[in-house]
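S.K.: What follows is the file protein.cif, containing mmCIF, C-alpha atoms and all ligand atoms:
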```
data_query
loop_
_atom_site.label_atom_id
_atom_site.label_comp_id
_atom_site.auth_asym_id
_atom_site.auth_seq_id
_atom_site.Cartn_x
_atom_site.Cartn_y
_atom_site.Cartn_z
CA MET A 1 -18.93 -42.97 -53.33
CA GLY A 2 -18.18 -46.50 -54.42
CA ILE A 3 -19.03 -47.59 -57.95
CA GLU A 4 -22.05 -49.59 -56.75
CA ASP A 5 -23.35 -47.11 -54.14
CA THR A 6 -26.81 -45.68 -54.63
CA VAL A 7 -26.74 -42.32 -56.34
CA PRO A 8 -28.31 -39.69 -54.05
CA ASP A 9 -31.41 -37.83 -55.17
CA HIS A 10 -30.59 -34.91 -57.46
CA SER A 11 -31.93 -32.50 -54.83
CA ALA A 12 -29.06 -33.58 -52.53
CA PHE A 13 -26.59 -32.15 -55.08
CA SER A 14 -28.57 -28.91 -55.40
CA ARG A 15 -28.79 -28.50 -51.63
CA ALA A 16 -25.09 -29.23 -51.15
CA ARG A 17 -24.29 -26.70 -53.83
CA ASN A 18 -26.60 -23.98 -52.50
CA GLU A 19 -26.16 -24.50 -48.77
CA LEU A 20 -22.61 -25.86 -48.34
CA PHE A 21 -20.49 -24.89 -51.35
CA ARG A 22 -21.86 -21.33 -51.57
CA GLN A 23 -20.76 -20.61 -48.01
CA SER A 24 -17.25 -21.87 -48.65
CA ASP A 25 -14.55 -20.81 -51.09
CA LEU A 26 -14.25 -24.36 -52.36
CA LEU A 27 -14.54 -23.63 -56.08
CA ARG A 28 -12.07 -20.76 -55.82
CA GLU A 29 -9.64 -23.03 -53.96
CA VAL A 30 -9.95 -25.66 -56.71
CA PHE A 31 -9.47 -23.01 -59.40
CA GLU A 32 -6.36 -21.63 -57.73
CA ARG A 33 -4.95 -25.09 -57.22
CA VAL A 34 -5.34 -25.84 -60.93
CA VAL A 35 -3.68 -22.50 -61.82
CA GLY A 36 -0.90 -23.32 -59.33
CA ASP A 37 -0.40 -26.71 -61.07
CA CYS A 38 -0.19 -24.94 -64.44
CA ILE A 39 2.46 -22.54 -63.09
CA THR A 40 4.58 -25.29 -61.47
CA SER A 41 4.37 -27.26 -64.74
CA GLY A 42 5.93 -24.30 -66.51
CA PHE A 43 2.72 -22.96 -68.10
CA GLY A 44 1.24 -19.63 -67.08
CA GLY A 45 2.89 -16.70 -65.39
CA GLY A 46 4.45 -15.28 -68.55
CA GLU A 47 5.23 -11.66 -69.24
CA GLY A 48 2.01 -10.72 -71.03
CA PHE A 49 -1.64 -11.07 -70.05
CA ALA A 50 -4.84 -10.24 -71.90
CA VAL A 51 -8.20 -9.40 -70.38
CA ASP A 52 -11.74 -9.33 -71.76
CA ALA A 53 -15.33 -9.98 -70.73
CA SER A 54 -18.24 -11.82 -72.32
CA LEU A 55 -21.97 -11.67 -71.61
CA ILE A 56 -23.84 -14.71 -70.36
CA GLU A 57 -27.63 -14.53 -70.27
CA ALA A 58 -29.12 -14.60 -66.76
CA ASP A 59 -32.12 -16.69 -65.70
CA ALA A 60 -34.40 -13.66 -65.62
CA ASN A 61 -37.45 -12.83 -67.68
CA LYS A 62 -38.23 -9.41 -69.15
CA CYS A 63 -42.00 -10.06 -68.76
CA ARG A 64 -41.59 -10.27 -64.98
CA SER A 65 -39.22 -7.31 -64.65
CA LEU A 66 -39.89 -3.85 -63.24
CA PRO A 67 -38.78 -0.44 -64.53
CA GLY A 68 -35.58 0.41 -62.63
CA SER A 69 -37.21 3.54 -61.14
CA GLU A 70 -39.86 1.38 -59.42
CA TRP A 71 -37.35 -0.96 -57.78
CA ASN A 72 -36.97 -0.39 -54.04
CA LYS A 73 -33.60 -1.41 -52.57
CA ASP A 74 -34.89 -1.19 -48.98
CA ILE A 75 -35.57 -4.88 -48.56
CA ASP A 76 -35.18 -6.80 -45.33
CA PRO A 77 -32.34 -9.28 -46.04
CA LYS A 78 -33.87 -11.71 -43.52
CA THR A 79 -36.98 -12.24 -45.63
CA ALA A 80 -35.31 -11.93 -49.04
CA GLY A 81 -34.49 -14.84 -51.35
CA ARG A 82 -30.90 -15.93 -52.01
CA ALA A 83 -30.44 -13.95 -55.25
CA VAL A 84 -31.77 -10.78 -53.58
CA LYS A 85 -29.45 -11.33 -50.59
CA ASP A 86 -26.55 -11.62 -53.05
CA TYR A 87 -27.62 -8.36 -54.68
CA LEU A 88 -27.79 -6.54 -51.33
CA ALA A 89 -24.40 -7.93 -50.29
CA THR A 90 -22.69 -6.59 -53.44
CA LEU A 91 -24.11 -3.05 -53.50
CA ASP A 92 -20.68 -1.61 -52.55
CA ASP A 93 -18.70 -3.98 -54.75
CA ALA A 94 -16.74 -2.39 -57.67
CA SER A 95 -17.87 -5.22 -59.96
CA PHE A 96 -21.56 -4.81 -59.05
CA GLY A 97 -23.48 -2.07 -57.18
CA ALA A 98 -20.67 0.50 -56.96
CA ALA A 99 -19.75 0.18 -60.65
CA SER A 100 -22.27 2.83 -61.75
CA PRO A 101 -24.82 5.10 -60.02
CA VAL A 102 -27.09 4.93 -63.07
CA THR A 103 -30.40 3.13 -62.43
CA PRO A 104 -30.85 0.31 -64.98
CA LYS A 105 -33.82 0.59 -67.34
CA PHE A 106 -35.29 -2.69 -66.04
CA ILE A 107 -34.64 -4.84 -62.97
CA ALA A 108 -35.59 -8.49 -62.54
CA PRO A 109 -36.91 -8.96 -58.95
CA SER A 110 -35.94 -12.67 -59.12
CA ASP A 111 -32.27 -11.74 -59.81
CA PRO A 112 -31.75 -7.98 -59.26
CA ALA A 113 -27.96 -8.10 -59.86
CA ALA A 114 -28.50 -9.25 -63.47
CA GLN A 115 -27.98 -6.30 -65.80
CA TRP A 116 -30.49 -5.31 -68.49
CA THR A 117 -28.24 -4.80 -71.50
CA GLY A 118 -28.49 -4.25 -75.21
CA ALA A 119 -24.73 -4.73 -75.71
CA GLN A 120 -25.26 -7.96 -77.62
CA LYS A 121 -26.13 -7.35 -81.23
CA SER A 122 -29.44 -9.22 -80.96
CA LYS A 123 -32.28 -8.26 -78.57
CA ALA A 124 -31.67 -6.75 -75.10
CA ILE A 125 -31.38 -9.33 -72.30
CA PHE A 126 -30.66 -9.68 -68.59
CA ALA A 127 -27.05 -10.84 -68.31
CA TYR A 128 -23.93 -11.17 -66.19
CA ALA A 129 -20.42 -10.68 -67.54
CA THR A 130 -17.64 -13.21 -67.07
CA SER A 131 -14.12 -11.74 -67.23
CA TYR A 132 -10.99 -13.74 -67.99
CA LEU A 133 -7.39 -12.75 -67.31
CA ILE A 134 -5.31 -14.94 -69.62
CA ASP A 135 -1.61 -15.65 -69.94
CA VAL A 136 -1.21 -15.18 -73.68
CA LYS A 137 1.86 -17.45 -73.97
CA CYS A 138 0.09 -20.64 -72.88
CA GLY A 139 -3.57 -19.63 -72.94
CA ILE A 140 -4.05 -20.45 -69.23
CA ILE A 141 -6.88 -18.56 -67.47
CA MET A 142 -5.03 -16.91 -64.58
CA ASP A 143 -8.24 -15.54 -63.02
CA VAL A 144 -11.98 -15.33 -63.58
CA GLU A 145 -14.50 -12.87 -62.16
CA ALA A 146 -18.26 -12.35 -62.47
CA SER A 147 -19.56 -8.79 -62.76
CA ARG A 148 -22.45 -6.67 -63.98
CA ALA A 149 -22.61 -6.48 -67.75
CA ILE A 150 -21.44 -2.85 -68.00
CA ARG A 151 -18.03 -1.47 -68.95
CA GLN A 152 -17.22 0.12 -65.57
CA ALA A 153 -17.91 -3.17 -63.77
CA GLU A 154 -15.79 -5.14 -66.24
CA VAL A 155 -12.90 -2.72 -65.69
CA GLY A 156 -13.34 -3.14 -61.90
CA ALA A 157 -13.28 -6.92 -62.38
CA SER A 158 -10.03 -6.69 -64.40
CA GLN A 159 -8.36 -4.72 -61.59
CA THR A 160 -9.59 -7.23 -58.99
CA MET A 161 -8.12 -10.10 -61.03
CA ILE A 162 -4.73 -8.40 -61.52
CA GLU A 163 -4.49 -7.63 -57.78
CA ARG A 164 -5.57 -11.15 -56.78
CA THR A 165 -3.16 -12.89 -59.18
CA GLN A 166 -0.33 -10.85 -57.71
CA GLN A 167 -1.39 -11.65 -54.13
CA ARG A 168 -1.99 -15.39 -54.66
CA PHE A 169 0.85 -16.28 -57.03
CA GLY A 170 3.25 -13.33 -56.84
CA ILE A 171 2.79 -12.85 -60.59
CA LYS A 172 2.27 -9.52 -62.29
CA PRO A 173 2.54 -9.15 -66.08
CA ASP A 174 4.87 -6.66 -67.78
CA TRP A 175 2.08 -5.73 -70.18
CA LEU A 176 -1.66 -6.13 -70.49
CA ALA A 177 -3.60 -6.34 -73.77
CA ALA A 178 -7.27 -5.36 -73.88
CA ASP A 179 -9.80 -3.65 -76.14
CA THR A 180 -11.05 -0.05 -76.02
CA ALA A 181 -13.52 -0.84 -73.21
CA TYR A 182 -10.51 -0.86 -70.85
CA GLY A 183 -8.99 2.34 -72.29
CA SER A 184 -10.44 4.89 -69.83
CA ALA A 185 -7.92 7.39 -68.42
CA PRO A 186 -8.27 6.26 -64.74
CA ASN A 187 -7.75 2.59 -65.69
CA LEU A 188 -4.70 3.37 -67.85
CA ASN A 189 -3.28 5.45 -65.00
CA TRP A 190 -3.93 2.65 -62.49
CA LEU A 191 -2.08 0.16 -64.71
CA GLU A 192 0.91 2.41 -65.36
CA GLU A 193 1.33 4.36 -62.15
CA GLU A 194 0.17 1.90 -59.50
CA LYS A 195 0.98 -1.47 -61.07
CA ALA A 196 3.80 -0.58 -63.52
CA ILE A 197 2.07 -2.61 -66.25
CA ALA A 198 2.39 -1.34 -69.85
CA PRO A 199 -1.14 -0.92 -71.25
CA HIS A 200 -1.44 -2.36 -74.78
CA ILE A 201 -4.91 -0.84 -74.89
CA PRO A 202 -6.50 1.62 -77.35
CA VAL A 203 -7.34 4.90 -75.61
CA ILE A 204 -10.96 6.01 -75.23
CA ASP A 205 -10.74 9.42 -76.87
CA ARG A 206 -13.84 11.46 -77.66
CA SER A 207 -11.90 14.60 -78.56
CA LYS A 208 -11.60 13.75 -82.25
CA ARG A 209 -13.31 16.39 -84.41
CA ASP A 210 -14.89 15.59 -87.74
CA ASP A 211 -15.71 19.16 -88.85
CA GLY A 212 -12.28 19.74 -90.41
CA THR A 213 -10.88 21.75 -87.47
CA PHE A 214 -7.84 20.64 -85.44
CA SER A 215 -8.46 17.82 -82.95
CA ARG A 216 -6.89 17.44 -79.52
CA GLU A 217 -4.20 15.15 -80.98
CA ASP A 218 -2.90 18.03 -83.19
CA PHE A 219 -1.74 19.84 -80.03
CA SER A 220 1.43 18.60 -78.33
CA TYR A 221 2.24 18.81 -74.63
CA ASP A 222 5.46 20.15 -73.09
CA GLN A 223 5.69 18.30 -69.78
CA LYS A 224 8.68 20.29 -68.47
CA ARG A 225 6.96 23.65 -68.80
CA ASP A 226 3.37 22.34 -68.39
CA LEU A 227 2.26 23.98 -71.63
CA CYS A 228 0.34 22.86 -74.69
CA ILE A 229 1.80 23.77 -78.07
CA CYS A 230 -0.74 24.51 -80.82
CA PRO A 231 -0.34 23.64 -84.55
CA ALA A 232 0.98 27.23 -85.12
CA GLN A 233 3.69 26.46 -82.50
CA LYS A 234 2.23 28.95 -80.00
CA GLU A 235 2.15 28.25 -76.28
CA MET A 236 -1.12 27.58 -74.41
CA SER A 237 -0.95 28.03 -70.64
CA THR A 238 -3.05 26.87 -67.68
CA THR A 239 -3.93 27.94 -64.15
CA GLY A 240 -3.53 24.29 -63.13
CA ARG A 241 -7.07 24.14 -61.77
CA VAL A 242 -8.74 20.73 -62.10
CA HIS A 243 -12.33 21.17 -63.31
CA ALA A 244 -15.33 18.96 -62.57
CA ASP A 245 -14.74 16.88 -65.70
CA SER A 246 -11.26 15.86 -64.33
CA GLY A 247 -9.73 18.14 -66.94
CA ILE A 248 -7.07 20.87 -66.82
CA ARG A 249 -7.72 23.64 -69.33
CA TYR A 250 -4.98 25.16 -71.50
CA LEU A 251 -5.83 28.48 -73.17
CA ALA A 252 -4.27 30.20 -76.15
CA SER A 253 -3.81 33.99 -76.08
CA VAL A 254 -6.74 35.90 -77.65
CA PRO A 255 -4.54 38.46 -79.54
CA VAL A 256 -2.31 35.64 -80.86
CA CYS A 257 -5.29 33.61 -82.11
CA ARG A 258 -6.95 36.67 -83.69
CA SER A 259 -3.89 37.27 -85.85
CA CYS A 260 -3.28 33.58 -86.60
CA PRO A 261 -3.42 32.66 -90.34
CA ILE A 262 -4.91 29.21 -89.58
CA LYS A 263 -7.56 30.37 -87.10
CA GLN A 264 -10.40 29.17 -89.37
CA LYS A 265 -9.05 25.62 -89.09
CA CYS A 266 -8.63 25.89 -85.32
CA CYS A 267 -11.30 27.93 -83.54
CA PRO A 268 -13.57 29.63 -86.13
CA GLY A 269 -16.36 30.23 -83.60
CA SER A 270 -14.40 31.61 -80.63
CA ASP A 271 -11.75 34.22 -79.83
CA ALA A 272 -9.12 31.68 -78.78
CA ARG A 273 -8.66 27.92 -78.66
CA ARG A 274 -9.02 25.92 -75.45
CA ILE A 275 -7.65 22.40 -74.92
CA VAL A 276 -8.63 20.13 -72.04
CA ARG A 277 -6.10 17.60 -70.73
CA ASP A 278 -7.33 14.87 -68.41
CA VAL A 279 -5.54 14.64 -65.04
CA ASN A 280 -4.47 11.17 -66.24
CA GLU A 281 -3.45 12.41 -69.69
CA ALA A 282 0.18 11.30 -69.19
CA ALA A 283 -1.01 7.69 -68.92
CA ARG A 284 -3.12 8.15 -72.05
CA ASP A 285 -0.06 9.52 -73.91
CA VAL A 286 1.94 6.41 -72.94
CA ALA A 287 -0.87 4.12 -74.17
CA ARG A 288 -1.11 6.11 -77.43
CA ALA A 289 2.65 5.73 -77.95
CA ILE A 290 2.46 1.95 -77.31
CA CYS A 291 -0.35 1.65 -79.90
CA LYS A 292 2.09 2.94 -82.56
CA THR A 293 4.80 0.33 -81.82
CA GLU A 294 5.43 -2.91 -83.75
CA SER A 295 4.94 -5.05 -80.63
CA TYR A 296 1.38 -3.70 -80.35
CA ALA A 297 0.46 -5.41 -83.63
CA GLN A 298 1.43 -8.74 -82.03
CA THR A 299 -0.28 -8.10 -78.66
CA ARG A 300 -3.43 -7.13 -80.56
CA ARG A 301 -3.39 -10.60 -82.13
CA ASP A 302 -2.63 -12.15 -78.71
CA ARG A 303 -5.80 -10.55 -77.37
CA LYS A 304 -7.81 -12.93 -79.57
CA LYS A 305 -6.87 -15.78 -77.21
CA VAL A 306 -9.40 -14.49 -74.69
CA GLU A 307 -12.08 -14.38 -77.38
CA MET A 308 -11.20 -17.98 -78.32
CA ALA A 309 -11.64 -19.03 -74.67
CA PHE A 310 -15.09 -17.40 -74.62
CA ALA A 311 -16.03 -19.09 -77.93
CA HIS A 312 -15.04 -22.43 -76.37
CA LEU A 313 -17.04 -21.58 -73.25
CA LYS A 314 -20.21 -20.95 -75.23
CA ARG A 315 -19.94 -23.42 -78.13
CA ILE A 316 -18.30 -26.43 -76.48
CA LEU A 317 -19.17 -26.03 -72.78
CA LYS A 318 -22.57 -24.60 -73.83
CA LEU A 319 -22.59 -21.89 -71.17
CA GLY A 320 -24.85 -19.52 -73.06
CA ARG A 321 -27.38 -19.04 -70.25
CA LEU A 322 -27.04 -19.34 -66.50
CA ARG A 323 -29.21 -21.68 -64.45
CA PRO A 324 -28.33 -20.46 -60.92
CA ARG A 325 -29.47 -16.99 -59.93
CA GLY A 326 -27.61 -14.34 -57.96
CA THR A 327 -24.02 -13.14 -58.00
CA THR A 328 -22.64 -16.19 -56.20
CA GLY A 329 -24.47 -18.49 -58.63
CA ALA A 330 -22.91 -16.65 -61.58
CA GLN A 331 -19.46 -16.65 -59.93
CA ASP A 332 -19.69 -20.41 -59.22
CA GLU A 333 -20.69 -21.24 -62.80
CA PHE A 334 -17.95 -19.08 -64.29
CA THR A 335 -15.31 -20.48 -61.91
CA LEU A 336 -16.34 -24.09 -62.65
CA ALA A 337 -16.16 -23.44 -66.40
CA ALA A 338 -12.70 -21.83 -66.05
CA ILE A 339 -11.48 -24.84 -64.03
CA ALA A 340 -12.66 -27.18 -66.82
CA GLN A 341 -11.03 -25.04 -69.52
CA ASN A 342 -7.72 -24.85 -67.61
CA LEU A 343 -7.64 -28.62 -66.97
CA ARG A 344 -8.25 -29.27 -70.65
CA ARG A 345 -5.54 -26.77 -71.61
CA LEU A 346 -3.09 -28.22 -69.07
CA ALA A 347 -3.63 -31.77 -70.40
CA LYS A 348 -3.04 -30.55 -73.96
CA LEU A 349 0.10 -28.61 -73.06
CA LYS A 350 1.52 -31.54 -71.08
CA SER A 351 0.90 -34.00 -73.91
CA GLN A 352 2.52 -31.60 -76.39
CA THR A 353 5.56 -31.23 -74.11
CA ALA A 354 5.84 -35.02 -73.63
CA ALA A 355 5.64 -35.61 -77.39
CA ALA A 356 8.32 -33.00 -78.15
S1 LIG B 401 -5.83 29.86 -83.65
FE1 LIG B 401 -4.58 30.14 -81.80
S2 LIG B 401 -4.45 28.09 -80.93
FE2 LIG B 401 -5.18 27.86 -83.01
S3 LIG B 401 -3.35 27.46 -84.21
FE3 LIG B 401 -3.71 29.66 -84.28
S4 LIG B 401 -2.54 30.49 -82.57
FE4 LIG B 401 -2.68 28.33 -82.25
#
```
Please, can you express the file's structure as structure tokens?
Ligand code: SF4
M.R.:
Amino acid sequence: MGIEDTVPDHSAFSRARNELFRQSDLLREVFERVVGDCITSGFGGGEGFAVDASLIEADANKCRSLPGSEWNKDIDPKTAGRAVKDYLATLDDASFGAASPVTPKFIAPSDPAAQWTGAQKSKAIFAYATSYLIDVKCGIIMDVEASRAIRQAEVGASQTMIERTQQRFGIKPDWLAADTAYGSAPNLNWLEEEKAIAPHIPVIDRSKRDDGTFSREDFSYDQKRDLCICPAQKEMSTTGRVHADSGIRYLASVPVCRSCPIKQKCCPGSDARRIVRDVNEAARDVARAICKTESYAQTRRDRKKVEMAFAHLKRILKLGRLRPRGTTGAQDEFTLAAIAQNLRRLAKLKSQTAAA
């Protein structure tokens, strides 16, 4: 458009956005081009990344929602609205439908992919989550992904972003910093075993006991002999069978436990102590060891850079509530915001470099 051309009606922008841009990968192409510019300028692509997610309220009203049990997924996509089509198209997606089999408490028929969540400290809302993968050295957003506002979906989004950054730019970090939400055993194992990325992530561990008896962490593991060693230095063996809870059970000997002087502090209510190790326990042990290192104290501080990007997103860019509905609407808004934040960051970094 020239400077004196007539500005088209606002509906022309909405239609272009909904009917042309949504069908293309235009915003993603722009985002990746900006990230590519950051990398070629020497910013981004460092050794450490951080990942986190933040909730953005969806354009969905509780008053018009249905209990999740009353929601029928068998809708004809031909007659459905755009947001419902989006929902149907993402039922098998790790960041949306496939993230959890649990039926949400409420569903908004106008935007069924929006998650009813009470994760924010104020009242429960319908929301999407935006996830950022950030290069902690320069603060560049390496990737952005929309997902349902539940932990499993956010973890799925983080894996998608790590894979995509590697495919698009050939960049994979040496380490990844994140909070406990990303500390599940399968995710830690995926990072370590499949991607060779050191997880600077606190482990989700529900085995801690608060009744004064020994917790899981008081028992060590002998990898060579596949045995657990109890606090009395006795061996606990296993059949190697993996149980339904993804755990392998290690049992102490009943006669040994009966004659043990510290039995009251170990298993006062049973004949012998049993310890369950997750099939991915080795990955959890590595993450636990990293959490005790000096470098972890620094990467924990680095993690705050993602939170700062989200604070900027909400306070300065004012993206506290979405206007578009549906998963593609959320993805477009989050991608556009990340483009703006990266351009601003790139300009700042370049001016700092020029002044130096
Ligand atoms: S009670 Fe059994 S498992 Fe527990 S410390 Fe004693 S010997 Fe070890």
S.K.: With a cut-off of 12 Å, could you pull out the residues of stretch 226-334 of chain A touching stretch 91-106 of chain A and give me the nearest pair of atoms for each, distance in Å to one decimal, using only C-alpha atoms, ordered by chain and ascending number, as JSON lines?
M.R.:
```
{"residue": "A:Gly326", "atom": "CA", "partner": "A:Phe96", "partner_atom": "CA", "distance": 11.3}
{"residue": "A:Thr327", "atom": "CA", "partner": "A:Phe96", "partner_atom": "CA", "distance": 8.7}
{"residue": "A:Thr328", "atom": "CA", "partner": "A:Phe96", "partner_atom": "CA", "distance": 11.8}
{"residue": "A:Gln331", "atom": "CA", "partner": "A:Ser95", "partner_atom": "CA", "distance": 11.5}
```
S.K.: Give me the residues near A:Ala272 as a ChimeraX atom specification, where near means some atom within 8 Å (using only C-alpha atoms) and where sequence neighbours in that chain fewer than 5 positions away do not count.
M.R.: /A:251-254,257-258,267
S.K.: Compare A:His200, A:Pro261, A:Asp211, A:Asp52 by their minimum atom-to-atom distance to A:Ala153, counting only C-alpha atoms, and give me the closest one.
M.R.: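 Smallest separation from A:Ala153 among the options: A:Asp52.
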S.K.: Separation of atom CA of A:Arg301 and atom CA of A:Asn280, in Å?
M.R.: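 These atoms are spaced 27.0 Å apart.
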S.K.: Do you know which residues are at most 8 Å from stretch 125-134 of chain A counting only C-alpha atoms, after dropping those on the same chain fewer than 2 positions away, and could you put them as a PyMOL selection string?
M.R.: chain A and resi 49-62+108+114-118+123+136+139-150+154+157-158+161-162+305-306+330+334
S.K.: As a quick test: using only C-alpha atoms and all ligand atoms, which residues lie no more than 9 Å away from ligand LIG 401 (chain B)? Give them as a PyMOL selection string.
M.R.: chain A and resi 214+219+229-236+251-268+271-275
S.K.: To one decimal in Å, tell me the separation between atom CA of A:Leu343 and atom CA of A:Cys38.
M.R.: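 For atom CA of A:Leu343 relative to atom CA of A:Cys38, the distance reads 8.7 Å.
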S.K.: Find the distance between atom CA of A:Ile248 and atom CA of A:Arg216 and write it in Å to one decimal.
M.R.: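 Computing the Euclidean distance for atom CA of A:Ile248 and atom CA of A:Arg216 yields 13.2 Å.
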S.K.: My list of candidates is A:Thr299, A:Ser207, A:Ser246, A:Ser14. Which is closest to A:Lys137 when distances are computed with all atoms listed in the file?
M.R.: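 Of all the options, A:Thr299 lies closest to A:Lys137.
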S.K.: Quick one: residues within 9 Å of A:Glu333, all atoms listed in the file, excluding same-chain residues fewer than 6 positions away - as a list of chain:residue names?
M.R.: A:Leu319, A:Leu322, A:Arg323, A:Pro324
S.K.: Next, dump the selected residues to file, keeping only C-alpha atoms, as a PDB file, in the coordinates of the input.
M.R.:
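Wrote selection.pdb, looks like this:
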```pdb
ATOM      1  CA  LEU A 319     -22.590 -21.890 -71.170  1.00  0.00           C
ATOM      2  CA  LEU A 322     -27.040 -19.340 -66.500  1.00  0.00           C
ATOM      3  CA  ARG A 323     -29.210 -21.680 -64.450  1.00  0.00           C
ATOM      4  CA  PRO A 324     -28.330 -20.460 -60.920  1.00  0.00           C
TER       5      PRO A 324
END
```
S.K.: Considering all atoms listed in the file, state which residue in the set A:Leu317, A:Gly156, A:Thr40, A:Ala16 is at the smallest distance from A:Ile339.
M.R.: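 Using all atoms listed in the file, A:Ile339 sits closest to A:Leu317.
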